[in-house]
Amino acid sequence: MSDTDSEVTNAYFREAMLEQQAPPVTETGAVKWLRENLFPTWLNAIMTVVALYVIWFILSHIGPWFLNGIWDAGSLSECRAIRDETMGPDASAACFAVIADRWEQLTFGFYPRSAYWRPTLAFVIMLAGLAPVLFGSIPRGWLTFSAVSPFIIFFLLWGGSIWVPVFIAMGFVLGAVAARLLGGVNQIAAVAGAIVVPILYWAFVAIPLAEVVHDLIPIGIRAIPSSDFGGFMLSVVIGMAAIILSLPLGIVLALARASDLFLVNKLAITFIEIIRGVPLIVWLFTASLLLNYFLPPGTNFDLTLRVIIMVTLFSAAYIAEVVRGGLAAVPKGQYEGADSLGLDYWQSMRLIVLPQALKISIPGIVNTFIGLFKDTTLVVFIGLLDPLGLTNSIRASTDWNGIYWELYVFIGLMFFIACYAMGRYSMYLERKLQRENR
Amino acid sequence: MKKTVFLGTLTAAGLVAAAAGAQTLADVQSRGNLNCGVTTGLTGFAAPDANGVWEGFDVDVCRAVAAAIFGDKNAVEFVPTTGETRFTALSSGEIDLLARNTTWTMSRDTDLGFDFIGVNYYDGQGFMVPTELGVTSAKELDGATVCIQTGTTTELNLADYFRANNISYEPVPIQTNAEAQQQYLAGACDVYTTDASGLAATRATFENPGDHVLLPEIISKEPLGPLVRHGDNEWGDLTMWVLNALIAAEELGITSANISDMAAEATNNPEVNRILGTEGELGAMIGLDNDWAVNAISAGGNYGEIFERNIGENTPIGLARGLNAQWTDGGLLYAPPFR
């Protein structure tokens, strides 16, 4: 190894440092990225070209149609006249004027125009009410507002006497009081009391009481029947009501299904399997067609309300199964640990098991809700005018007969926004819970 | 003993139900509005405008009935119904009157337990083909692909007609009229068949209506009419005579323009006087005030005016009167005498 010190100038050694050179073109910048990502092999190169062609093909057809869109016209034939005048008869142009003309109807249905502020305000209150539930960073005190907000929304949408929602809300207070009072006596009596007392109160006391009080102190706004609801408002009302109501119901069902009590367990299984075993559209037909025959003649049980109840039950069955999965994933030691601490059933569920089970279930729950929200469009088959139902009604006017894609693109976009937001929220929640679990 | 009680309860329930069925007019009057079933949207027959106000040929029948009862053509709650829900909505009492371009058939009249109160539009199944096919008769359609709505009487009529004429065809099943328009325009089928009024309305929306032609053959009878529940004949009579009043008004020359003059004092035509209540007590016979027909006709005009405004030749739909002309003009409209 001593040779290395030799003073012989070797022609094979470079004496000066080479100037640093730019990397080869193929290994840098855009070219490198293209080579690695789009053209790494012959097969991929061909696929890339084909894909690019498909994208170009779609864009070159949709793009002009979209960009040439005509927003200001009174009817489809006017749209066509404007297009012929400005772009020539062969140009492809969307007639978005139908949306400009009917967006209010697509949003609010047949709701009186002078009262549009009510559903708008109700929507804002809904978002404000949901925020404390969805985001932990908001002070917990706001949860009181969340609990009250459904009643405010109900009052804003349907109107009438303010005392109806007030006395309906009282039912929950009564239930809590009954549970507290009977809780000292017996656990099962407390649960039964919490369920039976409010139901009896709602069935026999709440509405007459509200009427009496309304006669004494009449406060209220114009009542609007739910047959006037339509468009996205109807979708959101059905979807949100079902989402909010089905979550607690689904959790209770899941607990019942996991319960050791024979009757409770079997009833829950029967309910869940029957509801899940039949398509939603059948339940909607049941709500719209069959229930009429069971109710005494003359009763006019609101169709929208029937649909909300059916959709709630349907989604509760799915939520129950999702939560059951979460319950099963909680290690057995957690249940035993809770028991060994001397907690009773409700305490162990509330403090130990459910917080863990629900955390696991969140993606499944949100998934169910996204599906539920989109399923609300099925009500078109029973004659409720949701956005899809309204497209038919809008086409039935002589002004807009023959218009398709513009309406469907608009409706699709609105549903996408809502569902994408729910999906993103679910991902945010998962990331947050992962951090907490670390 | 228990059985007796049960049977007694059943009988009582049946009586209550029968009683409830026999007082539709009283129910409607105490409710303050008429619940009228319409389609969720059919061009010219029923559709909400941008303000949510329902308009159309069937809608005007509802309005005339409401006007006859309340003197207010807006005292109607329109209940959109689909093909599946319409009959249940009527028989369960959710609506009082169904005016939803429903074909009068024997089974609907008897088995389903309804009463058709007349015919407000005589329709029939027709064919539409592109002009460039050069077809002039349905009998030349051998081997054609036909767009047809599944599960309707049109599907059965088509099969019957083509079999009777020994013509082969290939059906392209579609669900809705909207889908049919798209398929037909895209060339998925050579022929589109449905009710002739629907074909005319569809053709009116095409970019080049002249490129399509309706064939002369009408292969079925589709008498479209409003209907009520069977069992309440008073209510059936009332609605039937409102419709008859609209038809008779056209025949007798009573229009929305001259009705106030004609109703102001007795004219020299006794039948006009009886309809408009300046003579006789016809209103009381159907449980209404004597100006019932004045209100009904003022709501949207006589039959001819309603026709012209919604589906007539000056509208984009452009239907000719055809079978729907008065009997005096060679049509089928024939109101019994008001006497």
# chains A, B, ... in the order shown; residues from 1 in each chain; ligands from 1

$ residues_around --residues "range 83-88 of chain B" --least-positions-apart "6" --cutoff "9 Å" --atoms "only C-alpha atoms" --output "tab-separated table (two decimals) with N, CA and C atoms, in the first residue's frame"
chain	number	residue	atom	x	y	z
A	285	PHE	N	-92.11	3.04	-0.26
A	285	PHE	CA	-93.45	2.73	-0.76
A	285	PHE	C	-94.37	2.36	0.39
A	288	SER	N	-95.47	5.48	1.95
A	288	SER	CA	-96.37	6.30	1.15
A	288	SER	C	-97.69	5.60	0.86
A	289	LEU	N	-97.66	4.28	0.65
A	289	LEU	CA	-98.87	3.59	0.22
A	289	LEU	C	-99.55	2.83	1.33
A	290	LEU	N	-98.76	2.01	2.06
A	290	LEU	CA	-99.38	1.05	2.97
A	290	LEU	C	-99.89	1.72	4.24
A	292	ASN	N	-101.19	4.43	4.81
A	292	ASN	CA	-102.49	5.09	4.65
A	292	ASN	C	-103.63	4.19	5.04
A	293	TYR	N	-103.48	2.90	4.72
A	293	TYR	CA	-104.57	1.98	4.98
A	293	TYR	C	-104.67	1.62	6.46
A	381	PHE	N	-89.63	8.63	-6.26
A	381	PHE	CA	-90.53	7.56	-6.71
A	381	PHE	C	-91.87	7.58	-6.00
A	382	ILE	N	-91.96	8.28	-4.88
A	382	ILE	CA	-93.26	8.35	-4.22
A	382	ILE	C	-93.86	9.74	-4.39
A	383	GLY	N	-93.36	10.48	-5.38
A	383	GLY	CA	-94.02	11.72	-5.75
A	383	GLY	C	-93.61	12.94	-4.94
B	37	GLY	N	-104.96	15.24	-7.06
B	37	GLY	CA	-103.75	14.54	-7.50
B	37	GLY	C	-103.44	14.87	-8.95
B	38	VAL	N	-102.18	15.22	-9.21
B	38	VAL	CA	-101.75	15.52	-10.58
B	38	VAL	C	-100.44	14.75	-10.83
B	39	THR	N	-99.91	14.84	-12.04
B	39	THR	CA	-98.63	14.19	-12.29
B	39	THR	C	-97.53	15.02	-11.66
B	94	GLU	N	-106.13	10.40	0.53
B	94	GLU	CA	-105.15	11.48	0.57
B	94	GLU	C	-105.54	12.57	-0.43
B	98	LEU	N	-108.52	12.70	-8.73
B	98	LEU	CA	-107.27	12.43	-9.43
B	98	LEU	C	-107.43	12.89	-10.87
B	100	ARG	N	-105.00	13.03	-13.61
B	100	ARG	CA	-103.61	12.74	-13.95
B	100	ARG	C	-103.58	11.93	-15.23
B	112	LEU	N	-110.44	-1.75	-9.16
B	112	LEU	CA	-109.72	-0.83	-8.28
B	112	LEU	C	-110.66	0.03	-7.46
B	114	PHE	N	-112.85	2.69	-8.49
B	114	PHE	CA	-112.93	4.12	-8.77
B	114	PHE	C	-114.10	4.39	-9.70

$ interface_residues --of "chain B" --to "chain A" --cutoff "6 Å" --atoms "only C-alpha atoms" --output "PDB file with C-alpha atoms, in the first residue's frame"
ATOM      1  CA  THR B  40     -95.202  15.232 -11.086  1.00  0.00           C
ATOM      2  CA  GLY B  41     -94.854  16.904 -14.468  1.00  0.00           C
ATOM      3  CA  LEU B  42     -96.236  16.277 -17.948  1.00  0.00           C
ATOM      4  CA  THR B  43     -95.939  18.918 -20.615  1.00  0.00           C
ATOM      5  CA  ALA B  47     -96.406  21.345 -14.339  1.00  0.00           C
ATOM      6  CA  ALA B  50     -91.050  29.129 -11.817  1.00  0.00           C
ATOM      7  CA  GLY B  52     -94.460  27.034  -8.040  1.00  0.00           C
ATOM      8  CA  PRO B  80     -97.921  15.281  -7.189  1.00  0.00           C
ATOM      9  CA  THR B  81     -98.367  11.562  -7.747  1.00  0.00           C
ATOM     10  CA  THR B  82     -96.389   9.019  -9.732  1.00  0.00           C
ATOM     11  CA  THR B  88    -103.412   4.447  -3.561  1.00  0.00           C
ATOM     12  CA  SER B  92    -106.760   6.078   0.864  1.00  0.00           C
ATOM     13  CA  THR B 205     -89.001  20.373 -28.053  1.00  0.00           C
TER      14      THR B 205
END

$ residues_around --residues "range 362-374 of chain A" --least-positions-apart "2" --cutoff "9 Å" --atoms "only C-alpha atoms" --output "PyMOL selection string"
chain A and resi 235-236+238-240+242-243+247+311+315+318-319+322-323+326+357-360+376-378+415+418-420+422-423+425-427+429-430

$ write_last_selection --atoms "N, CA and C atoms" --output "compact mmCIF listing (two decimals), in the first residue's frame"
# COMPACT_ATOMS: atom_id res chain seq x y z
N SER A 235 -84.23 17.47 0.50
CA SER A 235 -83.15 16.48 0.67
C SER A 235 -82.43 16.71 1.99
N VAL A 236 -82.12 17.98 2.28
CA VAL A 236 -81.36 18.27 3.50
C VAL A 236 -82.22 18.00 4.73
N ILE A 238 -84.77 15.85 5.07
CA ILE A 238 -84.90 14.41 5.27
C ILE A 238 -83.56 13.82 5.70
N GLY A 239 -82.49 14.21 4.98
CA GLY A 239 -81.17 13.65 5.26
C GLY A 239 -80.69 13.99 6.66
N MET A 240 -80.75 15.28 7.03
CA MET A 240 -80.21 15.68 8.33
C MET A 240 -81.06 15.13 9.47
N ALA A 242 -82.80 12.45 9.48
CA ALA A 242 -82.53 11.02 9.61
C ALA A 242 -81.15 10.79 10.22
N ILE A 243 -80.17 11.61 9.82
CA ILE A 243 -78.81 11.43 10.36
C ILE A 243 -78.81 11.68 11.86
N LEU A 247 -78.50 8.23 14.65
CA LEU A 247 -77.27 7.91 15.38
C LEU A 247 -77.57 7.39 16.79
N VAL A 311 -86.81 6.56 6.76
CA VAL A 311 -85.39 6.69 6.45
C VAL A 311 -84.57 6.59 7.73
N SER A 315 -81.71 3.80 8.33
CA SER A 315 -80.32 4.12 8.57
C SER A 315 -79.89 3.67 9.96
N TYR A 318 -78.50 0.22 9.88
CA TYR A 318 -77.13 0.16 9.37
C TYR A 318 -76.13 0.67 10.39
N ILE A 319 -76.49 1.81 11.04
CA ILE A 319 -75.60 2.37 12.06
C ILE A 319 -75.38 1.33 13.16
N VAL A 322 -72.77 -1.05 12.16
CA VAL A 322 -71.44 -0.42 12.17
C VAL A 322 -70.94 -0.31 13.61
N VAL A 323 -71.82 0.15 14.51
CA VAL A 323 -71.40 0.32 15.90
C VAL A 323 -71.13 -1.04 16.55
N GLY A 326 -67.74 -1.88 16.00
CA GLY A 326 -66.88 -1.14 16.92
C GLY A 326 -66.87 -1.77 18.30
N ALA A 357 -65.44 2.34 21.18
CA ALA A 357 -66.13 1.68 20.07
C ALA A 357 -66.51 2.71 19.00
N LEU A 358 -67.01 3.86 19.43
CA LEU A 358 -67.46 4.87 18.46
C LEU A 358 -66.29 5.40 17.66
N LYS A 359 -65.14 5.57 18.35
CA LYS A 359 -63.94 6.05 17.66
C LYS A 359 -63.61 5.12 16.49
N ILE A 360 -63.69 3.83 16.75
CA ILE A 360 -63.38 2.87 15.69
C ILE A 360 -64.43 2.94 14.59
N THR A 376 -81.67 9.91 -0.28
CA THR A 376 -82.88 10.71 -0.15
C THR A 376 -83.48 11.00 -1.53
N THR A 377 -82.68 10.90 -2.58
CA THR A 377 -83.23 11.17 -3.92
C THR A 377 -84.24 10.10 -4.32
N LEU A 378 -84.26 8.98 -3.60
CA LEU A 378 -85.23 7.94 -3.94
C LEU A 378 -86.67 8.39 -3.71
N PHE A 415 -74.76 17.85 -4.79
CA PHE A 415 -74.61 16.64 -3.96
C PHE A 415 -73.14 16.34 -3.71
N ALA A 418 -71.75 18.44 -0.87
CA ALA A 418 -72.18 17.98 0.45
C ALA A 418 -71.46 16.69 0.84
N CYS A 419 -71.41 15.73 -0.08
CA CYS A 419 -70.84 14.43 0.26
C CYS A 419 -69.32 14.51 0.40
N TYR A 420 -68.69 15.35 -0.44
CA TYR A 420 -67.24 15.49 -0.34
C TYR A 420 -66.87 16.12 1.01
N MET A 422 -68.50 15.84 3.78
CA MET A 422 -68.64 14.81 4.81
C MET A 422 -67.44 13.86 4.78
N GLY A 423 -67.02 13.49 3.60
CA GLY A 423 -65.88 12.59 3.46
C GLY A 423 -64.60 13.20 4.02
N TYR A 425 -64.41 15.51 6.28
CA TYR A 425 -64.53 15.61 7.73
C TYR A 425 -64.16 14.28 8.36
N SER A 426 -64.62 13.20 7.76
CA SER A 426 -64.32 11.88 8.31
C SER A 426 -62.81 11.66 8.34
N MET A 427 -62.11 12.09 7.25
CA MET A 427 -60.65 11.90 7.23
C MET A 427 -59.96 12.74 8.29
N LEU A 429 -61.23 13.63 11.09
CA LEU A 429 -61.50 13.03 12.39
C LEU A 429 -60.59 11.82 12.62
N GLU A 430 -60.41 11.03 11.56
CA GLU A 430 -59.56 9.85 11.70
C GLU A 430 -58.13 10.26 12.07

$ atom_distance --atom1 "CA of Thr255 in chain B" --atom2 "CA of Gln326 in chain B"
14.7 Å

$ select_by_dssp --residues "range 271-377 of chain A" --states "helix (DSSP H, G or I)" --output "PyMOL selection string"
chain A and resi 271-276+280-294+303-329+332-340+345-377

$ write_last_selection --atoms "C-alpha atoms" --output "short mmCIF file (atom, residue, chain, number, x, y, z; two decimals), in the first residue's frame"
data_model
loop_
_atom_site.label_atom_id
_atom_site.label_comp_id
_atom_site.auth_asym_id
_atom_site.auth_seq_id
_atom_site.Cartn_x
_atom_site.Cartn_y
_atom_site.Cartn_z
CA PHE A 271 -85.65 -5.34 13.78
CA ILE A 272 -82.19 -4.89 12.27
CA GLU A 273 -82.39 -7.90 9.98
CA ILE A 274 -85.88 -7.08 8.71
CA ILE A 275 -85.03 -3.45 8.01
CA ARG A 276 -81.70 -4.28 6.39
CA LEU A 280 -85.07 1.39 1.08
CA ILE A 281 -87.38 1.99 -1.87
CA VAL A 282 -89.72 -0.68 -0.50
CA TRP A 283 -89.83 1.06 2.86
CA LEU A 284 -90.57 4.33 1.11
CA PHE A 285 -93.45 2.73 -0.76
CA THR A 286 -94.63 1.31 2.55
CA ALA A 287 -94.55 4.79 4.06
CA SER A 288 -96.37 6.30 1.15
CA LEU A 289 -98.87 3.59 0.22
CA LEU A 290 -99.38 1.05 2.97
CA LEU A 291 -99.48 3.26 6.06
CA ASN A 292 -102.49 5.09 4.65
CA TYR A 293 -104.57 1.98 4.98
CA PHE A 294 -103.57 1.33 8.58
CA LEU A 303 -95.99 12.27 4.03
CA THR A 304 -92.65 14.00 4.61
CA LEU A 305 -92.81 13.00 8.26
CA ARG A 306 -93.57 9.38 7.32
CA VAL A 307 -90.60 9.39 4.99
CA ILE A 308 -88.29 10.85 7.66
CA ILE A 309 -89.37 8.12 10.09
CA MET A 310 -88.77 5.36 7.53
CA VAL A 311 -85.39 6.69 6.45
CA THR A 312 -84.39 7.08 10.11
CA LEU A 313 -85.30 3.48 10.93
CA PHE A 314 -83.50 2.27 7.82
CA SER A 315 -80.32 4.12 8.57
CA ALA A 316 -80.48 3.22 12.28
CA ALA A 317 -80.30 -0.47 11.36
CA TYR A 318 -77.13 0.16 9.37
CA ILE A 319 -75.60 2.37 12.06
CA ALA A 320 -76.37 -0.38 14.60
CA GLU A 321 -74.32 -2.88 12.60
CA VAL A 322 -71.44 -0.42 12.17
CA VAL A 323 -71.40 0.32 15.90
CA ARG A 324 -71.66 -3.38 16.70
CA GLY A 325 -68.45 -3.82 14.74
CA GLY A 326 -66.88 -1.14 16.92
CA LEU A 327 -68.16 -2.81 20.09
CA ALA A 328 -66.69 -6.13 19.01
CA ALA A 329 -63.32 -4.50 18.34
CA LYS A 332 -62.57 -7.90 26.27
CA GLY A 333 -60.27 -6.63 28.99
CA GLN A 334 -61.85 -3.21 28.71
CA TYR A 335 -65.30 -4.63 29.54
CA GLU A 336 -63.84 -6.64 32.40
CA GLY A 337 -61.85 -3.68 33.63
CA ALA A 338 -65.01 -1.59 33.71
CA ASP A 339 -66.82 -4.30 35.66
CA SER A 340 -63.98 -4.67 38.11
CA TYR A 345 -73.83 -1.30 32.82
CA TRP A 346 -74.68 2.24 31.70
CA GLN A 347 -71.63 3.71 33.42
CA SER A 348 -69.27 1.19 31.87
CA MET A 349 -70.78 1.75 28.44
CA ARG A 350 -70.79 5.52 28.73
CA LEU A 351 -67.34 5.92 30.26
CA ILE A 352 -65.28 3.00 28.98
CA VAL A 353 -66.70 1.02 26.07
CA LEU A 354 -68.66 3.39 23.85
CA PRO A 355 -65.97 6.10 23.57
CA GLN A 356 -63.58 3.49 22.21
CA ALA A 357 -66.13 1.68 20.07
CA LEU A 358 -67.46 4.87 18.46
CA LYS A 359 -63.94 6.05 17.66
CA ILE A 360 -63.38 2.87 15.69
CA SER A 361 -66.77 3.14 14.01
CA ILE A 362 -66.46 6.72 12.76
CA PRO A 363 -65.45 5.99 9.15
CA GLY A 364 -68.25 3.46 8.84
CA ILE A 365 -70.78 5.83 10.37
CA VAL A 366 -69.84 8.68 8.04
CA ASN A 367 -69.93 6.28 5.12
CA THR A 368 -73.48 5.28 6.05
CA PHE A 369 -74.48 8.93 6.33
CA ILE A 370 -73.08 9.80 2.91
CA GLY A 371 -75.03 6.91 1.43
CA LEU A 372 -78.15 7.98 3.32
CA PHE A 373 -77.93 11.56 2.09
CA LYS A 374 -77.70 10.42 -1.50
CA ASP A 375 -80.49 7.87 -0.97
CA THR A 376 -82.88 10.71 -0.15
CA THR A 377 -83.23 11.17 -3.92
#

$ atom_distance --atom1 "CA of Tyr121 in chain B" --atom2 "CA of Tyr161 in chain B"
22.3 Å

$ atom_distance --atom1 "CA of Glu281 in chain B" --atom2 "CA of Leu332 in chain B"
28.4 Å
